[in-house]
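Right, one structure below, let's go through it.
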Amino acid sequence: ARPKRERISPKKFWIQPEHVTPDVQTVAFMNSRELKYAMVNEAYLVRKWRNDQPEGRASGMPAGATELWMAFGYRAAELACGRTVRPLSGEDLESAQSGRLPPTRCSLSTTLRFLQAMASVQAGPYSALQQLLGRSLEHSQDMRPHQCFFVLQAMSRLRLKHPKASRLLQRLSLAWRALPEKKFV
């Protein structure tokens, strides 16, 4: 008999207690795995910070977090699409070409994780959000029902609309009973 696998909670898997907030400049050189963990940990820190504020979620972002989430969004879109999506006007032209472009695009699950992290804090550049959404919807036929749910949840949190959303909802409705109730919050 195989030994029973120990279940690790998602919080213990994703949230690293020794996490250090990266510099905006170093984000441009992160690979997909580093970026995924950094985004999830930073989203956790932002949500924790918002919970400590008297205004709650309406309190905005901590100091310096807006620039960091812009850099996260641009790098995530670069990794997901395989090309740069940074603004290319004037002085930004030099900084846009300072990051390294990935040789291949990252996986669909990684793209969904990027989108989820950005949706949980409701931050990031609009162009990058559109690129991530477009990249994930390219594979709408290959998505499993829970992945369809993740995309629709992110779209709802970010207040994004897309013509393929109805198709995702239709695919999701076919497997509605198979999804655990705890996901519908």
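How things are named: the first chain in the structure tokens is A, the next is B, and so on; residues count from 1 in each chain; ligands count from 1 in the order shown.
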Review point. If we count only C-alpha atoms, what is near Arg75 (chain A) at a cut-off of 8 Å, once residues fewer than 6 positions away on the same chain are taken out, given as a list in words?
Key: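 These residues fall inside the cut-off: Val27, Ala28 and Met30 of chain A.
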Show me, as an mmCIF file with all heavy atoms, in the first residue's frame, the residues that have an atom within 10 Å of region 168-174 of chain A when counting only C-alpha atoms, minus same-chain residues fewer than 5 positions from it.
```
data_model
loop_
_atom_site.group_PDB
_atom_site.id
_atom_site.type_symbol
_atom_site.label_atom_id
_atom_site.label_comp_id
_atom_site.auth_asym_id
_atom_site.auth_seq_id
_atom_site.Cartn_x
_atom_site.Cartn_y
_atom_site.Cartn_z
ATOM 1 N N LEU A 137 -8.201 33.215 -22.396
ATOM 2 C CA LEU A 137 -9.389 32.876 -23.178
ATOM 3 C C LEU A 137 -9.059 32.250 -24.529
ATOM 4 O O LEU A 137 -9.943 31.692 -25.172
ATOM 5 C CB LEU A 137 -10.272 34.113 -23.359
ATOM 6 C CG LEU A 137 -10.944 34.596 -22.077
ATOM 7 C CD1 LEU A 137 -11.713 35.877 -22.328
ATOM 8 C CD2 LEU A 137 -11.842 33.537 -21.481
ATOM 9 N N SER A 140 -9.983 28.647 -24.097
ATOM 10 C CA SER A 140 -11.261 28.415 -23.419
ATOM 11 C C SER A 140 -11.819 27.020 -23.696
ATOM 12 O O SER A 140 -12.510 26.452 -22.856
ATOM 13 C CB SER A 140 -12.273 29.486 -23.813
ATOM 14 O OG SER A 140 -12.510 29.446 -25.203
ATOM 15 N N GLN A 141 -11.502 26.444 -24.848
ATOM 16 C CA GLN A 141 -11.988 25.094 -25.158
ATOM 17 C C GLN A 141 -11.265 24.030 -24.335
ATOM 18 O O GLN A 141 -11.811 22.953 -24.086
ATOM 19 C CB GLN A 141 -11.810 24.791 -26.653
ATOM 20 C CG GLN A 141 -12.635 25.672 -27.559
ATOM 21 C CD GLN A 141 -14.117 25.530 -27.273
ATOM 22 O OE1 GLN A 141 -14.617 24.455 -27.005
ATOM 23 N NE2 GLN A 141 -14.828 26.649 -27.306
ATOM 24 N N MET A 143 -10.085 24.519 -21.214
ATOM 25 C CA MET A 143 -10.187 24.775 -19.776
ATOM 26 C C MET A 143 -11.088 23.764 -19.093
ATOM 27 O O MET A 143 -12.118 23.366 -19.623
ATOM 28 C CB MET A 143 -10.747 26.171 -19.519
ATOM 29 C CG MET A 143 -9.762 27.256 -19.643
ATOM 30 S SD MET A 143 -10.520 28.774 -19.034
ATOM 31 C CE MET A 143 -9.468 29.958 -19.784
ATOM 32 N N ARG A 144 -10.676 23.420 -17.886
ATOM 33 C CA ARG A 144 -11.522 22.594 -17.033
ATOM 34 C C ARG A 144 -12.517 23.517 -16.331
ATOM 35 O O ARG A 144 -12.307 24.734 -16.273
ATOM 36 C CB ARG A 144 -10.651 21.851 -16.036
ATOM 37 C CG ARG A 144 -9.753 20.839 -16.733
ATOM 38 C CD ARG A 144 -8.940 20.079 -15.733
ATOM 39 N NE ARG A 144 -7.997 20.999 -15.088
ATOM 40 C CZ ARG A 144 -6.688 20.819 -15.042
ATOM 41 N NH1 ARG A 144 -6.150 19.766 -15.582
ATOM 42 N NH2 ARG A 144 -5.910 21.699 -14.437
ATOM 43 N N PRO A 145 -13.599 22.958 -15.794
ATOM 44 C CA PRO A 145 -14.631 23.816 -15.188
ATOM 45 C C PRO A 145 -14.106 24.729 -14.085
ATOM 46 O O PRO A 145 -14.483 25.903 -14.025
ATOM 47 C CB PRO A 145 -15.642 22.810 -14.632
ATOM 48 C CG PRO A 145 -15.500 21.635 -15.512
ATOM 49 C CD PRO A 145 -14.050 21.566 -15.883
ATOM 50 N N HIS A 146 -13.219 24.233 -13.237
ATOM 51 C CA HIS A 146 -12.738 25.110 -12.162
ATOM 52 C C HIS A 146 -11.860 26.231 -12.713
ATOM 53 O O HIS A 146 -11.815 27.321 -12.151
ATOM 54 C CB HIS A 146 -12.016 24.312 -11.072
ATOM 55 C CG HIS A 146 -10.714 23.725 -11.473
ATOM 56 N ND1 HIS A 146 -10.612 22.529 -12.145
ATOM 57 C CD2 HIS A 146 -9.452 24.175 -11.317
ATOM 58 C CE1 HIS A 146 -9.342 22.267 -12.382
ATOM 59 N NE2 HIS A 146 -8.610 23.254 -11.887
ATOM 60 N N GLN A 147 -11.192 26.005 -13.839
ATOM 61 C CA GLN A 147 -10.419 27.081 -14.458
ATOM 62 C C GLN A 147 -11.339 28.134 -15.056
ATOM 63 O O GLN A 147 -11.047 29.332 -14.982
ATOM 64 C CB GLN A 147 -9.483 26.518 -15.522
ATOM 65 C CG GLN A 147 -8.355 25.696 -14.949
ATOM 66 C CD GLN A 147 -7.519 25.029 -16.028
ATOM 67 O OE1 GLN A 147 -8.054 24.592 -17.050
ATOM 68 N NE2 GLN A 147 -6.219 24.957 -15.804
ATOM 69 N N CYS A 148 -12.459 27.693 -15.630
ATOM 70 C CA CYS A 148 -13.458 28.645 -16.121
ATOM 71 C C CYS A 148 -13.959 29.516 -14.969
ATOM 72 O O CYS A 148 -14.126 30.734 -15.114
ATOM 73 C CB CYS A 148 -14.641 27.920 -16.758
ATOM 74 S SG CYS A 148 -14.257 27.025 -18.258
ATOM 75 N N PHE A 149 -14.163 28.879 -13.838
ATOM 76 C CA PHE A 149 -14.616 29.608 -12.658
ATOM 77 C C PHE A 149 -13.588 30.648 -12.226
ATOM 78 O O PHE A 149 -13.934 31.782 -11.899
ATOM 79 C CB PHE A 149 -14.900 28.627 -11.518
ATOM 80 C CG PHE A 149 -15.301 29.293 -10.247
ATOM 81 C CD1 PHE A 149 -16.576 29.795 -10.097
ATOM 82 C CD2 PHE A 149 -14.398 29.446 -9.212
ATOM 83 C CE1 PHE A 149 -16.952 30.431 -8.922
ATOM 84 C CE2 PHE A 149 -14.762 30.068 -8.042
ATOM 85 C CZ PHE A 149 -16.048 30.565 -7.904
ATOM 86 N N VAL A 151 -11.381 32.229 -14.064
ATOM 87 C CA VAL A 151 -11.378 33.341 -15.016
ATOM 88 C C VAL A 151 -12.586 34.240 -14.786
ATOM 89 O O VAL A 151 -12.460 35.478 -14.743
ATOM 90 C CB VAL A 151 -11.354 32.831 -16.474
ATOM 91 C CG1 VAL A 151 -11.563 33.959 -17.455
ATOM 92 C CG2 VAL A 151 -10.056 32.125 -16.763
ATOM 93 N N LEU A 152 -13.759 33.654 -14.622
ATOM 94 C CA LEU A 152 -14.961 34.456 -14.411
ATOM 95 C C LEU A 152 -14.902 35.230 -13.094
ATOM 96 O O LEU A 152 -15.334 36.384 -13.016
ATOM 97 C CB LEU A 152 -16.202 33.568 -14.447
ATOM 98 C CG LEU A 152 -16.542 33.004 -15.821
ATOM 99 C CD1 LEU A 152 -17.638 31.953 -15.713
ATOM 100 C CD2 LEU A 152 -16.950 34.119 -16.768
ATOM 101 N N PRO A 163 -16.437 39.124 -24.780
ATOM 102 C CA PRO A 163 -17.492 38.382 -25.482
ATOM 103 C C PRO A 163 -17.493 36.880 -25.191
ATOM 104 O O PRO A 163 -18.543 36.241 -25.264
ATOM 105 C CB PRO A 163 -17.186 38.628 -26.957
ATOM 106 C CG PRO A 163 -16.303 39.826 -27.000
ATOM 107 C CD PRO A 163 -15.601 39.894 -25.697
ATOM 108 N N LEU A 179 -18.557 21.271 -8.998
ATOM 109 C CA LEU A 179 -17.726 22.251 -8.286
ATOM 110 C C LEU A 179 -18.066 22.277 -6.804
ATOM 111 O O LEU A 179 -19.245 22.241 -6.444
ATOM 112 C CB LEU A 179 -17.917 23.644 -8.879
ATOM 113 C CG LEU A 179 -17.375 23.843 -10.287
ATOM 114 C CD1 LEU A 179 -17.822 25.193 -10.811
ATOM 115 C CD2 LEU A 179 -15.879 23.747 -10.290
#
```
Exercise for review: Please provide the set of residues having any atom within 10 Å of region 8-20 of chain A, restricted to only C-alpha atoms, with same-chain residues fewer than 6 positions apart removed, written as an NGL selection string.
Suggested key: :A and (36-45)
So that I can check the surroundings of Ala154 (chain A), please list as a PDB file with N, CA, C and O atoms, in the first residue's frame every protein, DNA and RNA residue that reaches within 7 Å of it, counting only C-alpha atoms and ignoring chain neighbours fewer than 5 positions away.
```
ATOM      1  N   LEU A 115      -3.448  36.154 -13.106  1.00  0.00           N
ATOM      2  CA  LEU A 115      -4.713  36.875 -13.178  1.00  0.00           C
ATOM      3  C   LEU A 115      -5.422  36.878 -11.830  1.00  0.00           C
ATOM      4  O   LEU A 115      -5.969  37.895 -11.400  1.00  0.00           O
ATOM      5  N   GLN A 116      -5.389  35.754 -11.126  1.00  0.00           N
ATOM      6  CA  GLN A 116      -6.017  35.668  -9.809  1.00  0.00           C
ATOM      7  C   GLN A 116      -5.356  36.599  -8.804  1.00  0.00           C
ATOM      8  O   GLN A 116      -6.038  37.260  -8.017  1.00  0.00           O
ATOM      9  N   ALA A 119      -6.315  40.113  -9.563  1.00  0.00           N
ATOM     10  CA  ALA A 119      -7.729  40.339  -9.262  1.00  0.00           C
ATOM     11  C   ALA A 119      -7.976  40.433  -7.762  1.00  0.00           C
ATOM     12  O   ALA A 119      -8.856  41.180  -7.329  1.00  0.00           O
TER      13      ALA A 119
END
```
Exercise for review: May I have the residues within 7 Å of Val46 (chain A) as number ranges by chain, using only C-alpha atoms and disregarding those fewer than 3 positions away in the same chain?
Suggested key: A: 42-43, 49-50, 61-62, 121
Review point. Could you write out, as a VMD selection string, all the residues of region 2-178 of chain A that DSSP marks as alpha helix (DSSP H)?
Key: chain A and resid 10 to 14 24 to 27 32 to 52 65 to 81 92 to 96 108 to 121 126 to 137 145 to 158 165 to 174
Would you write out those residues with C-alpha atoms, as a tab-separated table (two decimals), in the first residue's frame?
```tsv
chain	number	residue	atom	x	y	z
A	10	PRO	CA	-2.74	26.40	0.18
A	11	LYS	CA	-1.66	29.10	2.62
A	12	LYS	CA	1.37	27.09	3.72
A	13	PHE	CA	2.20	26.25	0.11
A	14	TRP	CA	1.95	29.76	-1.33
A	24	VAL	CA	10.37	47.26	-9.06
A	25	GLN	CA	13.52	46.92	-11.19
A	26	THR	CA	14.09	43.25	-10.30
A	27	VAL	CA	10.54	42.26	-11.29
A	32	SER	CA	7.35	32.73	-14.08
A	33	ARG	CA	7.80	30.69	-10.91
A	34	GLU	CA	9.46	33.53	-8.99
A	35	LEU	CA	6.85	35.99	-10.22
A	36	LYS	CA	3.97	33.69	-9.29
A	37	TYR	CA	5.16	33.32	-5.70
A	38	ALA	CA	6.03	37.02	-5.39
A	39	MET	CA	2.60	38.08	-6.66
A	40	VAL	CA	0.71	35.72	-4.36
A	41	ASN	CA	2.78	36.79	-1.33
A	42	GLU	CA	2.39	40.48	-2.13
A	43	ALA	CA	-1.36	40.03	-2.65
A	44	TYR	CA	-1.49	38.42	0.79
A	45	LEU	CA	0.40	41.38	2.30
A	46	VAL	CA	-1.90	43.91	0.60
A	47	ARG	CA	-5.04	42.11	1.82
A	48	LYS	CA	-3.54	41.90	5.33
A	49	TRP	CA	-2.72	45.62	5.22
A	50	ARG	CA	-6.23	46.49	4.04
A	51	ASN	CA	-7.78	44.46	6.86
A	52	ASP	CA	-5.80	46.53	9.38
A	65	ALA	CA	2.59	49.07	-3.93
A	66	THR	CA	1.03	50.66	-7.00
A	67	GLU	CA	4.33	50.81	-8.89
A	68	LEU	CA	5.14	47.26	-7.83
A	69	TRP	CA	1.81	45.94	-9.10
A	70	MET	CA	2.29	47.80	-12.38
A	71	ALA	CA	5.65	46.05	-12.78
A	72	PHE	CA	4.07	42.71	-11.79
A	73	GLY	CA	1.34	43.19	-14.40
A	74	TYR	CA	3.71	44.05	-17.22
A	75	ARG	CA	6.04	41.14	-16.41
A	76	ALA	CA	3.14	38.69	-16.08
A	77	ALA	CA	1.79	39.76	-19.48
A	78	GLU	CA	5.27	39.39	-21.00
A	79	LEU	CA	5.61	35.87	-19.64
A	80	ALA	CA	2.07	34.91	-20.66
A	81	CYS	CA	2.21	36.36	-24.20
A	92	ASP	CA	9.77	54.64	-20.94
A	93	LEU	CA	11.25	53.16	-24.13
A	94	GLU	CA	14.59	52.49	-22.42
A	95	SER	CA	13.05	50.99	-19.29
A	96	ALA	CA	10.69	48.80	-21.35
A	108	LEU	CA	-2.28	28.37	-18.82
A	109	SER	CA	-2.36	27.57	-15.09
A	110	THR	CA	0.45	30.07	-14.45
A	111	THR	CA	-1.41	32.70	-16.48
A	112	LEU	CA	-4.53	32.05	-14.41
A	113	ARG	CA	-2.52	32.38	-11.19
A	114	PHE	CA	-1.17	35.76	-12.38
A	115	LEU	CA	-4.71	36.87	-13.18
A	116	GLN	CA	-6.02	35.67	-9.81
A	117	ALA	CA	-3.31	37.51	-7.87
A	118	MET	CA	-3.98	40.75	-9.72
A	119	ALA	CA	-7.73	40.34	-9.26
A	120	SER	CA	-7.44	39.74	-5.52
A	121	VAL	CA	-5.85	43.17	-5.01
A	126	TYR	CA	-5.22	47.66	-17.80
A	127	SER	CA	-3.28	46.64	-20.92
A	128	ALA	CA	-1.59	43.80	-19.03
A	129	LEU	CA	-4.91	42.64	-17.58
A	130	GLN	CA	-6.36	42.55	-21.09
A	131	GLN	CA	-3.35	40.57	-22.34
A	132	LEU	CA	-3.65	38.03	-19.50
A	133	LEU	CA	-7.37	37.68	-20.06
A	134	GLY	CA	-6.91	37.29	-23.80
A	135	ARG	CA	-4.19	34.69	-23.30
A	136	SER	CA	-6.33	32.66	-20.92
A	137	LEU	CA	-9.39	32.88	-23.18
A	145	PRO	CA	-14.63	23.82	-15.19
A	146	HIS	CA	-12.74	25.11	-12.16
A	147	GLN	CA	-10.42	27.08	-14.46
A	148	CYS	CA	-13.46	28.65	-16.12
A	149	PHE	CA	-14.62	29.61	-12.66
A	150	PHE	CA	-11.25	31.23	-11.85
A	151	VAL	CA	-11.38	33.34	-15.02
A	152	LEU	CA	-14.96	34.46	-14.41
A	153	GLN	CA	-14.19	35.30	-10.78
A	154	ALA	CA	-11.15	37.37	-11.82
A	155	MET	CA	-13.20	39.15	-14.49
A	156	SER	CA	-15.84	39.98	-11.90
A	157	ARG	CA	-13.34	41.34	-9.39
A	158	LEU	CA	-11.60	43.43	-12.05
A	165	ALA	CA	-17.46	35.18	-20.98
A	166	SER	CA	-20.89	33.81	-21.88
A	167	ARG	CA	-19.24	30.77	-23.48
A	168	LEU	CA	-17.21	30.18	-20.30
A	169	LEU	CA	-20.34	30.45	-18.19
A	170	GLN	CA	-22.08	27.97	-20.47
A	171	ARG	CA	-19.18	25.50	-20.13
A	172	LEU	CA	-19.20	26.03	-16.38
A	173	SER	CA	-22.94	25.40	-16.13
A	174	LEU	CA	-22.48	21.91	-17.56
```
